[in-house]
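Accompanying notes for the structure given below.
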Amino acid sequence: MRTRDRLSAEAARLFAERGYHGTSIGDLATALGIQKASIYSYIKGKHDLLAEIALAGATAFHEALDALPADAAPGERLQLALRAHLGVVDRQLDVATVWLQEWSYLEDPARATFLAERHRYERRVRKLFDDGVRAGALRDDLDVRRATLVFLSVGNWAYTWMTHRTDVAKESAALWSVLAGGLAP
């Protein structure tokens, strides 16, 4: 792996473990086994790494939605979207942690780009709910805004309890069962 790629991977790992402000350029250099000054031949500053990681997370979540089968029924697409979201968290746990936890430290213009992509992702999930209501796969009185919020809350907080040993298919099916079935007897 190229040094620049290793730098990105180590930054994601350290930002996820220690936080953006808890990770120094020296920490990154130590993780790579290079001199601190050498880091600057790859980046202008630590903020470049945060922007790269956060925007890579946005791309991964969008690509997961892009991969949903277009011919799936609306209710099934929602379930598959939850599985896809959890899959991104599972495959890129460090990146997802940074995407969800450290993004607030982004500086413009990366911050503006990140927020635009985050809002676009939320709109795409909301559209899945809208499609489900229109198709009769979901209750016609469903509060789509709140349903979207619950869906994203379930998916976004997964980084706090998932490990690389989590069975994504099993967990997404169990979570979908609670979301779709509700809590009533």
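Starting from 1 in every chain, residues are counted up; chains themselves are A, B, ... following the order of the structure tokens, and ligands are numbered from 1 as listed.
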Per-residue nearest contacts of stretch 6-115 of chain A to stretch 119-142 of chain A (7 Å; only C-alpha atoms) as CSV:
```
residue,atom,partner,partner_atom,distance
A:His62,CA,A:Tyr121,CA,6.5
A:Pro74,CA,A:Gly132,CA,4.8
A:Gly75,CA,A:Ala137,CA,5.6
A:Leu78,CA,A:Leu128,CA,6.2
A:Leu115,CA,A:His119,CA,6.0
```
Contacts of A:Tyr159 within 7 Å, only C-alpha atoms, excl. fewer than 3 positions in-chain, as a count of residues only: 6
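When only C-alpha atoms are used to compute distances to A:Leu179, the closest of the residues A:Arg91, A:Gln79, A:Ile39, A:Phe114 turns out to be A:Gln79.
Among the candidate residues A:Thr23, A:Ser104, A:Thr113, A:Gln35, the one lying nearest to A:Thr59 is A:Thr113, with distances computed using only C-alpha atoms.
A straight line drawn from atom CA of A:Glu171 to atom CA of A:Ala158 is 10.0 Å long.
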Spatial neighbours of stretch 8-10 of chain A, 9 Å, only C-alpha atoms, chain gap at least 3 places, as a count of residues only: 15
